>>> print(open('coords_22.txt').read())   # compact mmCIF, C-alpha atoms
# COMPACT_ATOMS: atom_id res chain seq x y z
CA MET T 28 -1.89 -41.06 -17.06
CA GLU T 29 -3.48 -37.62 -17.34
CA GLN T 30 -1.30 -34.73 -16.22
CA LYS T 31 -2.40 -33.07 -13.01
CA ARG T 32 -3.48 -29.45 -13.37
CA ALA T 33 -3.07 -26.59 -10.92
CA ILE T 34 -3.82 -22.89 -10.78
CA ILE T 35 -1.36 -20.74 -8.85
CA MET T 36 -2.77 -17.43 -7.64
CA GLY T 37 0.05 -15.00 -6.88
CA ALA T 38 2.53 -16.86 -9.07
CA THR T 39 4.80 -13.98 -10.06
CA SER T 40 6.94 -13.80 -6.91
CA GLY T 41 7.79 -15.34 -3.57
CA ILE T 42 6.32 -18.67 -2.50
CA GLY T 43 3.83 -18.75 -5.38
CA TYR T 44 6.62 -18.47 -7.94
CA ALA T 45 8.74 -21.11 -6.20
CA VAL T 46 5.81 -23.53 -5.94
CA ALA T 47 4.98 -22.98 -9.63
CA LYS T 48 8.54 -23.93 -10.57
CA ARG T 49 8.42 -27.02 -8.35
CA LEU T 50 5.07 -28.26 -9.65
CA SER T 51 6.14 -27.68 -13.23
CA ALA T 52 9.34 -29.67 -12.67
CA GLN T 53 7.19 -32.53 -11.40
CA GLY T 54 5.09 -32.54 -14.57
CA TRP T 55 2.01 -30.56 -13.53
CA GLN T 56 0.22 -28.41 -16.10
CA LEU T 57 -0.16 -24.91 -14.69
CA GLY T 58 -2.39 -21.91 -15.04
CA ILE T 59 -0.80 -18.90 -13.39
CA ALA T 60 -2.34 -15.65 -12.22
CA GLY T 61 -1.26 -12.39 -10.66
CA ARG T 62 -1.36 -8.65 -11.13
CA ARG T 63 1.75 -8.36 -13.36
CA MET T 64 0.82 -9.55 -16.84
CA ASP T 65 4.32 -8.95 -18.19
CA ARG T 66 5.74 -11.31 -15.57
CA LEU T 67 3.11 -13.95 -16.31
CA ILE T 68 3.90 -13.85 -20.03
CA GLU T 69 7.63 -14.11 -19.31
CA MET T 70 7.07 -17.15 -17.08
CA GLN T 71 4.92 -18.87 -19.72
CA ARG T 72 7.49 -18.20 -22.43
CA LYS T 73 10.16 -20.00 -20.39
CA ASP T 74 8.08 -22.98 -19.23
CA LEU T 75 6.13 -25.32 -21.50
CA ASN T 76 4.11 -26.68 -18.57
CA ILE T 77 2.55 -23.24 -18.03
CA VAL T 78 -0.37 -23.57 -20.41
CA ALA T 79 -2.49 -20.56 -19.41
CA THR T 80 -2.19 -17.13 -17.82
CA GLN T 81 -4.66 -14.59 -16.46
CA GLN T 82 -4.13 -11.14 -15.00
CA ILE T 83 -6.07 -11.06 -11.73
CA ASP T 84 -6.18 -8.56 -8.89
CA VAL T 85 -7.95 -10.41 -6.07
CA THR T 86 -9.18 -7.13 -4.53
CA ARG T 87 -11.39 -6.36 -7.54
CA ASP T 88 -14.97 -7.53 -8.03
CA GLU T 89 -14.24 -9.10 -11.41
CA ALA T 90 -11.55 -11.39 -9.96
CA SER T 91 -14.00 -14.27 -9.42
CA GLN T 92 -15.06 -14.34 -13.06
CA GLN T 93 -11.44 -14.01 -14.16
CA LEU T 94 -10.57 -17.08 -12.10
CA LEU T 95 -13.33 -19.05 -13.82
CA THR T 96 -12.00 -17.80 -17.15
CA LEU T 97 -8.56 -19.15 -16.27
CA ILE T 98 -10.08 -22.51 -15.31
CA GLY T 99 -11.75 -22.49 -18.72
CA LYS T 100 -8.37 -21.95 -20.36
CA MET T 101 -7.22 -25.09 -18.52
CA GLY T 102 -9.93 -27.10 -20.26
CA GLY T 103 -12.42 -26.62 -17.44
CA ASN T 104 -10.70 -29.10 -15.12
CA ILE T 105 -8.18 -28.52 -12.34
CA ASP T 106 -6.94 -30.69 -9.49
CA LEU T 107 -5.41 -28.00 -7.27
CA TYR T 108 -6.06 -24.35 -6.54
CA PHE T 109 -3.02 -22.84 -4.79
CA HIS T 110 -3.55 -19.39 -3.24
CA SER T 111 -0.38 -17.42 -2.55
CA SER T 112 -1.69 -13.89 -3.00
CA GLY T 113 -0.96 -11.83 0.10
CA ILE T 114 0.71 -8.70 1.44
CA GLY T 115 1.86 -7.55 4.85
CA TYR T 116 3.73 -4.87 6.76
CA GLN T 117 5.26 -4.26 10.13
CA ASN T 118 3.11 -1.27 10.95
CA PRO T 119 3.44 -0.17 14.60
CA GLY T 120 2.59 3.38 13.48
CA LEU T 121 -0.78 2.09 12.22
CA ASP T 122 -0.62 3.67 8.79
CA THR T 123 -4.28 3.37 7.80
CA ASP T 124 -3.64 2.73 4.10
CA LYS T 125 -1.32 -0.18 4.90
CA GLU T 126 -3.79 -1.72 7.32
CA LEU T 127 -6.73 -1.46 4.94
CA SER T 128 -4.85 -2.67 1.87
CA THR T 129 -3.71 -5.70 3.87
CA VAL T 130 -7.31 -6.46 4.85
CA MET T 131 -8.49 -6.00 1.25
CA THR T 132 -5.95 -8.48 -0.10
CA ASN T 133 -5.50 -11.03 2.69
CA ALA T 134 -9.10 -11.23 3.91
CA LEU T 135 -11.54 -9.94 1.29
CA GLY T 136 -9.50 -11.00 -1.75
CA PHE T 137 -8.75 -14.40 -0.24
CA THR T 138 -12.44 -14.96 0.54
CA ARG T 139 -13.52 -13.96 -2.95
CA MET T 140 -11.21 -16.43 -4.63
CA VAL T 141 -11.59 -19.36 -2.24
CA VAL T 142 -15.40 -19.17 -2.26
CA THR T 143 -15.32 -19.22 -6.07
CA VAL T 144 -13.10 -22.28 -6.26
CA PHE T 145 -14.91 -24.09 -3.41
CA LYS T 146 -18.14 -23.83 -5.41
CA TYR T 147 -16.27 -24.98 -8.54
CA PHE T 148 -15.09 -28.17 -6.81
CA GLU T 149 -18.47 -28.68 -5.12
CA GLU T 150 -20.12 -28.89 -8.53
CA ARG T 151 -17.64 -31.57 -9.73
CA PRO T 152 -17.78 -34.49 -7.28
CA GLU T 153 -16.47 -36.87 -9.92
CA ARG T 154 -12.95 -35.40 -9.72
CA GLU T 155 -10.70 -35.06 -6.67
CA GLY T 156 -9.85 -31.47 -5.87
CA GLN T 157 -7.71 -29.53 -3.42
CA ILE T 158 -7.61 -25.95 -2.17
CA ALA T 159 -4.24 -25.00 -0.63
CA VAL T 160 -3.69 -21.57 0.87
CA ILE T 161 -0.59 -19.83 2.21
CA SER T 162 -1.46 -18.39 5.61
CA SER T 163 1.26 -17.91 8.24
CA ILE T 164 2.35 -18.81 11.74
CA ALA T 165 1.42 -15.17 12.44
CA GLY T 166 -2.19 -16.32 12.48
CA THR T 167 -1.64 -18.40 15.60
CA LYS T 168 -0.92 -15.41 17.89
CA GLY T 169 -1.59 -11.68 17.70
CA LEU T 170 1.54 -9.72 16.69
CA GLY T 171 1.34 -6.08 17.75
CA ALA T 172 3.94 -4.88 15.26
CA ALA T 173 1.84 -6.17 12.34
CA PRO T 174 -1.81 -5.95 13.40
CA ALA T 175 -3.57 -6.29 10.05
CA TYR T 176 -1.21 -8.96 8.77
CA SER T 177 -1.51 -11.09 11.89
CA ALA T 178 -5.28 -10.61 12.14
CA THR T 179 -5.94 -11.44 8.50
CA LYS T 180 -3.85 -14.60 8.77
CA ARG T 181 -5.90 -15.61 11.81
CA TYR T 182 -8.98 -15.00 9.67
CA VAL T 183 -7.57 -17.28 6.97
CA ASN T 184 -6.86 -20.03 9.52
CA HIS T 185 -10.41 -19.91 10.86
CA TYR T 186 -12.05 -19.57 7.46
CA LEU T 187 -10.27 -22.65 6.15
CA GLU T 188 -11.27 -24.55 9.29
CA CYS T 189 -14.88 -23.51 8.67
CA LEU T 190 -14.71 -24.58 5.03
CA THR T 191 -13.26 -27.93 6.08
CA GLN T 192 -16.20 -28.47 8.41
CA LEU T 193 -18.61 -27.28 5.70
CA LYS T 194 -17.25 -29.73 3.18
CA HIS T 195 -17.89 -32.55 5.66
CA ILE T 196 -21.42 -31.25 6.26
CA LYS T 197 -21.99 -31.32 2.50
CA GLY T 198 -20.35 -34.72 2.08
CA LEU T 199 -17.64 -33.44 -0.27
CA ARG T 200 -15.25 -36.33 0.24
CA HIS T 201 -13.45 -35.56 -2.99
CA LEU T 202 -12.24 -32.16 -1.71
CA THR T 203 -9.17 -31.50 0.48
CA ILE T 204 -8.44 -28.13 2.08
CA SER T 205 -4.87 -27.36 3.15
CA ASP T 206 -3.78 -24.50 5.41
CA ILE T 207 -0.06 -23.82 4.88
CA ARG T 208 1.60 -21.88 7.71
CA PRO T 209 5.21 -20.92 6.96
CA GLY T 210 7.49 -19.03 9.29
CA PHE T 211 9.56 -16.13 7.97
CA VAL T 212 10.52 -16.89 4.36
CA LYS T 213 13.10 -14.95 2.35
CA THR T 214 10.75 -13.31 -0.17
CA PRO T 215 9.99 -9.73 -1.28
CA LEU T 216 7.28 -9.64 1.41
CA LEU T 217 10.02 -9.23 4.04
CA ASP T 218 11.77 -6.39 2.23
CA ASP T 219 10.26 -3.78 4.55
CA GLY T 220 13.39 -2.87 6.50
CA GLY T 221 12.53 -5.10 9.44
CA ARG T 222 14.69 -7.82 10.91
CA TYR T 223 13.22 -11.30 10.89
CA PRO T 224 14.80 -14.27 12.69
CA LEU T 225 15.05 -17.81 11.34
CA GLN T 226 14.44 -16.84 7.73
CA LEU T 227 13.73 -19.83 5.49
CA ASP T 228 14.97 -20.46 1.95
CA VAL T 229 12.02 -20.09 -0.41
CA ASP T 230 12.97 -23.03 -2.64
CA LYS T 231 13.26 -25.39 0.34
CA VAL T 232 9.93 -24.12 1.63
CA ALA T 233 8.35 -24.75 -1.80
CA ALA T 234 9.73 -28.29 -1.87
CA GLU T 235 8.19 -29.07 1.53
CA ILE T 236 4.90 -27.45 0.55
CA VAL T 237 4.59 -29.48 -2.65
CA GLU T 238 5.50 -32.71 -0.88
CA LYS T 239 2.86 -32.23 1.83
CA VAL T 240 0.19 -30.85 -0.49
CA GLU T 241 0.55 -33.93 -2.68
CA LYS T 242 0.07 -36.04 0.47
CA LYS T 243 -3.18 -34.13 1.13
CA LYS T 244 -2.02 -32.76 4.49
CA GLN T 245 -4.54 -30.33 5.98
CA ILE T 246 -2.36 -28.27 8.36
CA ILE T 247 1.19 -27.64 7.16
CA THR T 248 3.54 -25.63 9.41
CA ILE T 249 6.99 -24.95 7.95
CA ASP T 250 9.60 -25.75 9.09
CA TRP T 251 10.27 -28.00 12.13
CA ARG T 252 11.69 -25.07 14.13
CA TYR T 253 8.50 -23.10 13.67
CA ARG T 254 6.40 -26.12 14.58
CA ILE T 255 8.21 -26.18 17.92
CA LEU T 256 7.94 -22.38 18.32
CA VAL T 257 4.20 -22.39 17.68
CA MET T 258 3.70 -25.28 20.09
CA PHE T 259 5.38 -23.31 22.89
CA TRP T 260 3.91 -19.87 22.23
CA ARG T 261 0.40 -21.33 22.23
CA LEU T 262 1.05 -22.08 25.91
CA VAL T 263 1.71 -18.41 26.78
CA PRO T 264 -1.41 -16.95 28.47
CA ARG T 265 -2.98 -13.88 26.90
CA TRP T 266 -2.27 -11.59 29.87
CA LEU T 267 1.44 -12.31 29.46
CA TRP T 268 1.52 -12.40 25.66
CA VAL T 269 0.10 -8.89 25.24
CA ARG T 270 2.81 -7.52 27.53
CA MET T 271 5.66 -9.06 25.52
CA ARG T 272 7.60 -6.73 23.23
CA ILE T 273 7.67 -8.83 20.06
CA VAL T 274 8.85 -6.36 17.43
CA SER T 275 11.69 -5.86 14.96
CA LYS T 276 14.47 -3.62 16.20
CA ASP T 277 13.83 -1.42 13.18
CA ALA T 278 10.07 -1.19 13.64
>>> encode(input="coords_22.txt", output="C-alpha cells")
Amino acid sequence: MEQKRAIIMGATSGIGYAVAKRLSAQGWQLGIAGRRMDRLIEMQRKDLNIVATQQIDVTRDEASQQLLTLIGKMGGNIDLYFHSSGIGYQNPGLDTDKELSTVMTNALGFTRMVVTVFKYFEERPEREGQIAVISSIAGTKGLGAAPAYSATKRYVNHYLECLTQLKHIKGLRHLTISDIRPGFVKTPLLDDGGRYPLQLDVDKVAAEIVEKVEKKKQIITIDWRYRILVMFWRLVPRWLWVRMRIVSKDA
C-alpha cells in the first residue's frame, strides 16, 4: 500500500509540530514548511518520514509558488494539506501592528495558501484529497480582548464553509475540507502573559485531530468541554454578549 503524504504548514511549533509527529508515527510521509529553516532541517534530520522541507512565510507573495515547489518535492502528489500557520494576541489596547500582523497571517496568508491547494486538488480528481485548517473556538463568538484574532478565525470558519459549498458546486467529491476548532491549547501562542482557562495538552489535541482528520470529519471542535461551551455561548444574544467582560485578568 502506498504511503499517505501530507504537507504541514506551520510545522515548527505548537499544534503543527505535534500533528507532524503524530502523522509521522503513523507512517505518513511528510513535507514540512514554516518560517524557521533551521528548525525544519533539524526536524528532518531526526525523522526519516519527513522527506521534504520548504521555508515559507505565508504573508509573502511568493508563498503560493513555494507551496507548489514543496508539493513537487513530494513527487507531485499529496493526500492532505494541513494548515497550522497562525498568530494571535490579547490586544485590548489595540496595538495597530499586532492587529494588522494577525490579519496578514490568519486571513490573507491563510487565503493565499488554501486557494493554492484547493486548485491543486481540483486539478487532480483521480486522487482523494483533504484540506484541514486549524481555526479556533474564538471564531464562533467575538472576543473583545482579542479583536483581530477572533475576527480572523471567524473569517476562516466562513471561508472554509464557502469552499465546502464551492466544492459541491464543482462536483469535487474527492475533496474533503476540515475546519478544526480547538479551545485553549498549551502552545507558544498563549505565552503572552494572559491567563487562559481549561488549557489543553498539545499532544492529546494532536491525537484527536489526527483521528478525526483521518475519519474525514468536516467540523472538529476540541475537546468535549469546549464543544459544550460553544453550544451554550451560541445561545447568548448579541446584546448581552457584548456587555460581558470576557478578558484575561492580566489583559
>>> residues_near_point(input="coords_22.txt", point="(-10.5, -38.8, -8.3)", cutoff="10 Å", atoms="all atoms listed in the file", output="ChimeraX atom specification")
/T:106,152-156,201-202
>>> atom_distance(input="coords_22.txt", atom1="CA of Leu97 in chain T", atom2="CA of Phe109 in chain T")
13.3 Å
>>> residues_around(input="coords_22.txt", residues="range 49-64 of chain T", least_positions_apart="3", cutoff="7 Å", atoms="only C-alpha atoms", output="list in words")
Gln30, Lys31, Arg32, Ala33, Ile34, Ile35, Met36, Gly37, Ala38, Thr39, Ala45, Val46, Leu67, Ile68, Asn76, Ile77, Val78, Ala79, Thr80, Gln81, Gln82, Ile83, Asp84, Leu97, Met101, Ala233 and Ala234 of chain T
>>> closest_residue(input="coords_22.txt", among="T:Glu238, T:Val141, T:Ser111, T:Ala47", to="Ile204 in chain T", atoms="all atoms listed in the file")
T:Val141
>>> closest_residue(input="coords_22.txt", among="T:Gly169, T:Gly210, T:Gly99, T:Gly120", to="Tyr147 in chain T", atoms="all atoms listed in the file")
T:Gly99
>>> closest_residue(input="coords_22.txt", among="T:Val85, T:Leu256, T:Val237, T:Val144", to="Val130 in chain T", atoms="all atoms listed in the file")
T:Val85
>>> atom_distance(input="coords_22.txt", atom1="CA of Tyr182 in chain T", atom2="CA of Glu150 in chain T")
25.5 Å
>>> residues_around(input="coords_22.txt", residues="range 185-192 of chain T", least_positions_apart="4", cutoff="7 Å", atoms="all atoms listed in the file", output="list in words")
Arg181, Ile196, Ile204 and Asp206 of chain T
>>> closest_residue(input="coords_22.txt", among="T:Arg87, T:Lys146, T:Lys180, T:Arg272", to="Asn133 in chain T", atoms="all atoms listed in the file")
T:Lys180
>>> closest_residue(input="coords_22.txt", among="T:Leu193, T:Ala173, T:Ile105, T:Ile114", to="Arg151 in chain T", atoms="all atoms listed in the file")
T:Ile105
>>> closest_residue(input="coords_22.txt", among="T:Ile246, T:Ala175, T:Met140, T:Gly166", to="Lys125 in chain T", atoms="all atoms listed in the file")
T:Ala175
>>> residues_near_point(input="coords_22.txt", point="(12.9, -17.7, 4.0)", cutoff="9 Å", atoms="all atoms listed in the file", output="compact mmCIF listing (two decimals) with C-alpha atoms, in the coordinates of the input")
# COMPACT_ATOMS: atom_id res chain seq x y z
CA PRO T 209 5.21 -20.92 6.96
CA GLY T 210 7.49 -19.03 9.29
CA PHE T 211 9.56 -16.13 7.97
CA VAL T 212 10.52 -16.89 4.36
CA LYS T 213 13.10 -14.95 2.35
CA THR T 214 10.75 -13.31 -0.17
CA LEU T 217 10.02 -9.23 4.04
CA LEU T 225 15.05 -17.81 11.34
CA GLN T 226 14.44 -16.84 7.73
CA LEU T 227 13.73 -19.83 5.49
CA ASP T 228 14.97 -20.46 1.95
CA VAL T 229 12.02 -20.09 -0.41
CA ASP T 230 12.97 -23.03 -2.64
CA LYS T 231 13.26 -25.39 0.34
CA VAL T 232 9.93 -24.12 1.63
>>> residues_around(input="coords_22.txt", residues="Ile207 in chain T", least_positions_apart="3", cutoff="9 Å", atoms="all atoms listed in the file", output="number ranges by chain")
T: 159-164, 236, 240, 245-249
>>> atom_distance(input="coords_22.txt", atom1="CA of Arg66 in chain T", atom2="CA of Ser112 in chain T")
14.8 Å
>>> residues_around(input="coords_22.txt", residues="range 127-129 of chain T", least_positions_apart="5", cutoff="9 Å", atoms="all atoms listed in the file", output="tab-separated table (two decimals) with C-alpha atoms, in the coordinates of the input")
chain	number	residue	atom	x	y	z
T	86	THR	CA	-9.18	-7.13	-4.53
T	113	GLY	CA	-0.96	-11.83	0.10
T	114	ILE	CA	0.71	-8.70	1.44
T	115	GLY	CA	1.86	-7.55	4.85
T	116	TYR	CA	3.73	-4.87	6.76
T	122	ASP	CA	-0.62	3.67	8.79
T	134	ALA	CA	-9.10	-11.23	3.91
T	175	ALA	CA	-3.57	-6.29	10.05
T	176	TYR	CA	-1.21	-8.96	8.77
T	179	THR	CA	-5.94	-11.44	8.50
>>> build_atoms(input="coords_22.txt", residues="range 91-110 of chain T", atoms="N, CA and C atoms", output="PDB file, in the coordinates of the input")
ATOM      1  N   SER T  91     -13.360 -12.956  -9.432  1.00  0.00           N
ATOM      2  CA  SER T  91     -14.000 -14.270  -9.420  1.00  0.00           C
ATOM      3  C   SER T  91     -14.243 -14.779 -10.837  1.00  0.00           C
ATOM      4  N   GLN T  92     -14.799 -13.931 -11.682  1.00  0.00           N
ATOM      5  CA  GLN T  92     -15.060 -14.340 -13.060  1.00  0.00           C
ATOM      6  C   GLN T  92     -13.751 -14.591 -13.810  1.00  0.00           C
ATOM      7  N   GLN T  93     -12.733 -13.801 -13.515  1.00  0.00           N
ATOM      8  CA  GLN T  93     -11.440 -14.010 -14.160  1.00  0.00           C
ATOM      9  C   GLN T  93     -10.833 -15.350 -13.767  1.00  0.00           C
ATOM     10  N   LEU T  94     -11.041 -15.764 -12.523  1.00  0.00           N
ATOM     11  CA  LEU T  94     -10.570 -17.080 -12.100  1.00  0.00           C
ATOM     12  C   LEU T  94     -11.280 -18.182 -12.885  1.00  0.00           C
ATOM     13  N   LEU T  95     -12.591 -18.052 -13.049  1.00  0.00           N
ATOM     14  CA  LEU T  95     -13.330 -19.050 -13.820  1.00  0.00           C
ATOM     15  C   LEU T  95     -12.886 -19.052 -15.283  1.00  0.00           C
ATOM     16  N   THR T  96     -12.538 -17.878 -15.797  1.00  0.00           N
ATOM     17  CA  THR T  96     -12.000 -17.800 -17.150  1.00  0.00           C
ATOM     18  C   THR T  96     -10.695 -18.573 -17.260  1.00  0.00           C
ATOM     19  N   LEU T  97      -9.838 -18.430 -16.264  1.00  0.00           N
ATOM     20  CA  LEU T  97      -8.560 -19.150 -16.270  1.00  0.00           C
ATOM     21  C   LEU T  97      -8.798 -20.662 -16.191  1.00  0.00           C
ATOM     22  N   ILE T  98      -9.750 -21.083 -15.371  1.00  0.00           N
ATOM     23  CA  ILE T  98     -10.080 -22.510 -15.310  1.00  0.00           C
ATOM     24  C   ILE T  98     -10.546 -22.983 -16.689  1.00  0.00           C
ATOM     25  N   GLY T  99     -11.321 -22.159 -17.364  1.00  0.00           N
ATOM     26  CA  GLY T  99     -11.750 -22.490 -18.720  1.00  0.00           C
ATOM     27  C   GLY T  99     -10.580 -22.667 -19.670  1.00  0.00           C
ATOM     28  N   LYS T 100      -9.576 -21.829 -19.524  1.00  0.00           N
ATOM     29  CA  LYS T 100      -8.370 -21.950 -20.360  1.00  0.00           C
ATOM     30  C   LYS T 100      -7.622 -23.247 -20.081  1.00  0.00           C
ATOM     31  N   MET T 101      -7.842 -23.820 -18.887  1.00  0.00           N
ATOM     32  CA  MET T 101      -7.220 -25.090 -18.520  1.00  0.00           C
ATOM     33  C   MET T 101      -8.055 -26.287 -18.969  1.00  0.00           C
ATOM     34  N   GLY T 102      -9.060 -26.032 -19.790  1.00  0.00           N
ATOM     35  CA  GLY T 102      -9.930 -27.100 -20.260  1.00  0.00           C
ATOM     36  C   GLY T 102     -11.112 -27.352 -19.351  1.00  0.00           C
ATOM     37  N   GLY T 103     -11.289 -26.481 -18.344  1.00  0.00           N
ATOM     38  CA  GLY T 103     -12.420 -26.620 -17.440  1.00  0.00           C
ATOM     39  C   GLY T 103     -12.177 -27.540 -16.258  1.00  0.00           C
ATOM     40  N   ASN T 104     -10.997 -28.140 -16.191  1.00  0.00           N
ATOM     41  CA  ASN T 104     -10.700 -29.100 -15.120  1.00  0.00           C
ATOM     42  C   ASN T 104      -9.372 -28.756 -14.438  1.00  0.00           C
ATOM     43  N   ILE T 105      -9.409 -28.658 -13.115  1.00  0.00           N
ATOM     44  CA  ILE T 105      -8.180 -28.520 -12.340  1.00  0.00           C
ATOM     45  C   ILE T 105      -8.232 -29.466 -11.147  1.00  0.00           C
ATOM     46  N   ASP T 106      -7.051 -29.823 -10.658  1.00  0.00           N
ATOM     47  CA  ASP T 106      -6.940 -30.690  -9.490  1.00  0.00           C
ATOM     48  C   ASP T 106      -6.582 -29.916  -8.229  1.00  0.00           C
ATOM     49  N   LEU T 107      -5.918 -28.764  -8.403  1.00  0.00           N
ATOM     50  CA  LEU T 107      -5.410 -28.000  -7.270  1.00  0.00           C
ATOM     51  C   LEU T 107      -5.566 -26.509  -7.532  1.00  0.00           C
ATOM     52  N   TYR T 108      -6.113 -25.810  -6.544  1.00  0.00           N
ATOM     53  CA  TYR T 108      -6.060 -24.350  -6.540  1.00  0.00           C
ATOM     54  C   TYR T 108      -5.119 -23.952  -5.411  1.00  0.00           C
ATOM     55  N   PHE T 109      -4.040 -23.238  -5.753  1.00  0.00           N
ATOM     56  CA  PHE T 109      -3.020 -22.840  -4.790  1.00  0.00           C
ATOM     57  C   PHE T 109      -3.041 -21.323  -4.658  1.00  0.00           C
ATOM     58  N   HIS T 110      -3.386 -20.827  -3.460  1.00  0.00           N
ATOM     59  CA  HIS T 110      -3.550 -19.390  -3.240  1.00  0.00           C
ATOM     60  C   HIS T 110      -2.361 -18.841  -2.472  1.00  0.00           C
TER      61      HIS T 110
END
